[in-house]
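S.K.: Contents of work_25.cif (mmCIF, C-alpha atoms):
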```cif
data_my_file
loop_
_atom_site.group_PDB
_atom_site.id
_atom_site.type_symbol
_atom_site.label_atom_id
_atom_site.label_comp_id
_atom_site.auth_asym_id
_atom_site.auth_seq_id
_atom_site.Cartn_x
_atom_site.Cartn_y
_atom_site.Cartn_z
ATOM 1 C CA MET A 179 -151.411 94.630 51.992
ATOM 2 C CA ASN A 180 -151.873 94.770 55.789
ATOM 3 C CA LYS A 181 -150.769 97.894 57.607
ATOM 4 C CA THR A 182 -149.055 98.012 60.962
ATOM 5 C CA ILE A 183 -150.706 99.696 63.929
ATOM 6 C CA GLY A 184 -148.092 102.433 63.703
ATOM 7 C CA GLU A 185 -149.018 103.107 60.060
ATOM 8 C CA LEU A 186 -152.726 103.222 60.926
ATOM 9 C CA ILE A 187 -152.103 105.639 63.784
ATOM 10 C CA GLU A 188 -150.026 107.881 61.514
ATOM 11 C CA GLU A 189 -152.856 107.911 58.935
ATOM 12 C CA MET A 190 -155.385 108.871 61.634
ATOM 13 C CA HIS A 191 -153.007 111.551 62.858
ATOM 14 C CA GLN A 192 -152.756 113.073 59.364
ATOM 15 C CA LYS A 193 -156.520 112.850 58.738
ATOM 16 C CA ALA A 194 -157.104 114.741 61.990
ATOM 17 C CA GLY A 195 -154.880 117.502 60.624
ATOM 18 C CA ALA A 196 -152.274 117.113 63.377
ATOM 19 C CA LYS A 197 -148.774 118.399 62.785
ATOM 20 C CA GLU A 198 -145.546 117.754 64.605
ATOM 21 C CA TYR A 199 -144.201 120.591 66.697
ATOM 22 C CA HIS A 200 -141.372 120.941 69.197
ATOM 23 C CA GLY A 201 -142.106 119.321 72.551
ATOM 24 C CA HIS A 202 -144.249 116.224 72.830
ATOM 25 C CA GLU A 203 -145.197 114.122 69.813
ATOM 26 C CA TYR A 204 -148.898 113.855 68.915
ATOM 27 C CA MET A 205 -149.033 110.200 70.013
ATOM 28 C CA GLY A 206 -146.298 110.502 72.652
ATOM 29 C CA LEU A 207 -146.506 108.505 75.864
ATOM 30 C CA GLU A 208 -147.131 111.735 77.813
ATOM 31 C CA ARG A 209 -150.592 111.846 76.241
ATOM 32 C CA PHE A 210 -151.552 108.594 77.975
ATOM 33 C CA ALA A 211 -150.124 109.248 81.452
ATOM 34 C CA ASP A 212 -152.671 108.944 84.266
ATOM 35 C CA ASP A 213 -152.100 112.519 85.451
ATOM 36 C CA THR A 214 -152.250 114.164 82.000
ATOM 37 C CA CYS A 215 -155.268 116.500 81.847
ATOM 38 C CA HIS A 216 -154.396 119.093 79.197
ATOM 39 C CA MET A 217 -152.715 119.493 75.819
ATOM 40 C CA ILE A 218 -151.612 122.882 74.574
ATOM 41 C CA ILE A 219 -149.946 124.165 71.436
ATOM 42 C CA PHE A 220 -148.213 127.483 71.932
ATOM 43 C CA ASP A 221 -145.734 129.914 70.440
ATOM 44 C CA VAL A 222 -142.683 130.873 72.495
ATOM 45 C CA LEU A 223 -142.484 134.688 72.504
ATOM 46 C CA THR A 224 -139.435 135.494 74.645
ATOM 47 C CA ASN A 225 -135.904 134.300 75.312
ATOM 48 C CA ASP A 226 -136.851 134.161 79.010
ATOM 49 C CA SER A 227 -139.518 131.487 78.502
ATOM 50 C CA PRO A 228 -139.001 128.518 80.852
ATOM 51 C CA VAL A 229 -140.001 126.157 78.025
ATOM 52 C CA GLY A 230 -138.719 126.221 74.459
ATOM 53 C CA TRP A 231 -136.852 128.796 72.435
ATOM 54 C CA LYS A 232 -138.159 132.085 71.107
ATOM 55 C CA GLY A 233 -139.918 131.529 67.780
ATOM 56 C CA GLU A 234 -140.731 127.849 68.335
ATOM 57 C CA ARG A 235 -144.220 126.381 68.153
ATOM 58 C CA THR A 236 -144.517 123.712 70.832
ATOM 59 C CA ARG A 237 -146.984 120.995 71.905
ATOM 60 C CA LEU A 238 -147.093 119.778 75.509
ATOM 61 C CA PHE A 239 -149.274 117.311 77.389
ATOM 62 C CA LEU A 240 -149.668 118.624 80.932
ATOM 63 C CA THR A 241 -150.899 117.892 84.427
ATOM 64 C CA GLU A 242 -153.179 120.393 86.176
ATOM 65 C CA GLU A 243 -150.095 122.000 87.751
ATOM 66 C CA GLY A 244 -148.272 122.181 84.414
ATOM 67 C CA TYR A 245 -151.297 123.818 82.784
ATOM 68 C CA ARG A 246 -151.548 126.345 85.627
ATOM 69 C CA LYS A 247 -147.874 127.250 85.139
ATOM 70 C CA SER A 248 -148.443 127.609 81.387
ATOM 71 C CA LEU A 249 -151.291 130.052 81.996
ATOM 72 C CA GLU A 250 -148.980 132.033 84.308
ATOM 73 C CA ASN A 251 -146.289 132.119 81.605
ATOM 74 C CA GLN A 252 -148.862 133.342 79.111
ATOM 75 C CA LYS A 253 -149.848 136.169 81.489
ATOM 76 C CA LYS A 254 -146.158 137.084 81.806
ATOM 77 C CA GLY A 255 -145.916 137.287 78.002
ATOM 78 C CA HIS A 256 -143.493 134.368 77.578
ATOM 79 C CA ILE A 257 -145.884 132.222 75.519
ATOM 80 C CA LYS A 258 -149.142 132.498 73.583
ATOM 81 C CA ILE A 259 -151.416 129.463 73.811
ATOM 82 C CA LEU A 260 -152.933 128.802 70.383
ATOM 83 C CA SER A 261 -154.797 125.576 71.051
ATOM 84 C CA HIS A 262 -156.075 123.731 74.133
ATOM 85 C CA ALA A 263 -157.674 120.338 74.648
ATOM 86 C CA HIS A 264 -158.720 118.460 77.749
ATOM 87 C CA VAL A 265 -157.160 114.995 77.805
ATOM 88 C CA SER A 266 -159.019 111.967 79.139
ATOM 89 C CA HIS A 267 -157.547 108.471 78.778
ATOM 90 C CA GLY A 268 -155.490 109.698 75.813
ATOM 91 C CA TYR A 269 -158.495 111.226 73.998
ATOM 92 C CA LEU A 270 -158.297 114.911 73.115
ATOM 93 C CA HIS A 271 -161.374 117.073 73.644
ATOM 94 C CA TYR A 272 -160.639 120.417 71.980
ATOM 95 C CA ASP A 273 -162.218 123.600 73.315
ATOM 96 C CA LYS A 274 -163.181 124.622 69.778
ATOM 97 C CA LYS A 275 -163.453 122.631 66.560
ATOM 98 C CA GLU A 276 -161.169 124.966 64.621
ATOM 99 C CA GLN A 277 -157.924 124.733 66.584
ATOM 100 C CA LEU A 278 -154.382 123.748 65.741
ATOM 101 C CA ARG A 279 -153.833 120.020 65.980
#
```
Take the structure in this file and express it as structure tokens.

M.R.:
Amino acid sequence: MNKTIGELIEEMHQKAGAKEYHGHEYMGLERFADDTCHMIIFDVLTNDSPVGWKGERTRLFLTEEGYRKSLENQKKGHIKILSHAHVSHGYLHYDKKEQLR
């Protein structure tokens, strides 16, 4: 039986070990935006975090400015970045092989 493109993408997603978190979906349109340069998965640590709710694990696809703001929020203790990948034309290039996906 032939599979749809959506089914094939979902299979690839699962084989890569990716999970769904709050925020952007693994294959969300944000991933393919021209100005998207980074993907992070992070835990929200405080109620004062500008993104998400305390206790959530979140994935976001970000511009350079969005990534800079995320690093600032990590320094302030609002979030803890657990995984980072550079994004190029929708492809994810993880900093380390063993990262959350």

S.K.: When the PyMOL selection byres ((chain A and resi 238) around 9) is applied to the file above, which residues end up in the set, as a compact mmCIF listing (two decimals) with C-alpha atoms, in the frame of the given file?

M.R.:
```txt
# COMPACT_ATOMS: atom_id res chain seq x y z
CA HIS A 200 -141.37 120.94 69.20
CA GLY A 201 -142.11 119.32 72.55
CA HIS A 202 -144.25 116.22 72.83
CA GLU A 203 -145.20 114.12 69.81
CA GLU A 208 -147.13 111.74 77.81
CA ARG A 209 -150.59 111.85 76.24
CA HIS A 216 -154.40 119.09 79.20
CA MET A 217 -152.72 119.49 75.82
CA ILE A 218 -151.61 122.88 74.57
CA ILE A 219 -149.95 124.16 71.44
CA PHE A 220 -148.21 127.48 71.93
CA THR A 236 -144.52 123.71 70.83
CA ARG A 237 -146.98 121.00 71.90
CA PHE A 239 -149.27 117.31 77.39
CA LEU A 240 -149.67 118.62 80.93
```

S.K.: I'd like the contact shell of Gln277 (chain A) - 12 Å cut-off, all atoms listed in the file, skipping same-chain residues fewer than 6 positions apart - returned as a list in words.

M.R.: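 Result of the neighbour search: Ala194, Gly195, Ala196, Lys197, Met217, Ile218, Ile219, Phe220, Ile259, Leu260, Ser261, His262, Ala263, Leu270 and His271 of chain A.
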
S.K.: Under the rule that only C-alpha atoms are counted, which of A:Asp213, A:Asp226, A:Lys254, A:Asp221 is the nearest residue to Glu242 (chain A)?

M.R.: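 Nearest candidate to Glu242 (chain A) out of A:Asp213, A:Asp226, A:Lys254, A:Asp221: A:Asp213.
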
S.K.: Quick one: pull the distance between CA of Ser227 (chain A) and CA of Gln252 (chain A), Å, one decimal.

M.R.: 9.5 Å

S.K.: Would you translate the PyMOL selection byres ((chain A and resi 223) around 8) into the concrete set of residues it matches in this file, as a list of chain:residue names?

M.R.: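 Going through the file, the PyMOL selection byres ((chain A and resi 223) around 8) ends up selecting A:Asp221, A:Val222, A:Thr224, A:Asn225, A:Ser227, A:Lys232, A:Gly233, A:Gly255, A:His256, A:Ile257, A:Lys258.
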
S.K.: To one decimal place in Å, what is the distance between CA of Gly206 (chain A) and CA of Asn180 (chain A)?

M.R.: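 Interatomic distance, CA of Gly206 (chain A) to CA of Asn180 (chain A): 23.7 Å.
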
S.K.: Between CA of Ser266 (chain A) and CA of Asp212 (chain A), measure the distance and give it in Å to one decimal.

M.R.: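 So the two atoms, CA of Ser266 (chain A) and CA of Asp212 (chain A), lie 8.7 Å apart.
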
S.K.: Determine the nearest neighbour of His267 (chain A) from the options A:Ala211, A:Tyr204, A:Pro228, A:Met190, counting all atoms listed in the file.

M.R.: A:Ala211

S.K.: Taking only C-alpha atoms into account, which of A:Lys275, A:Lys253, A:Arg246, A:Thr241 comes nearest Thr214 (chain A)?

M.R.: A:Thr241

S.K.: A:Tyr272, A:Gly230, A:Cys215, A:Thr182: which is nearest Gly244 (chain A), counting only C-alpha atoms?

M.R.: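 Looking at the shortest contact to Gly244 (chain A), the residue is A:Cys215.
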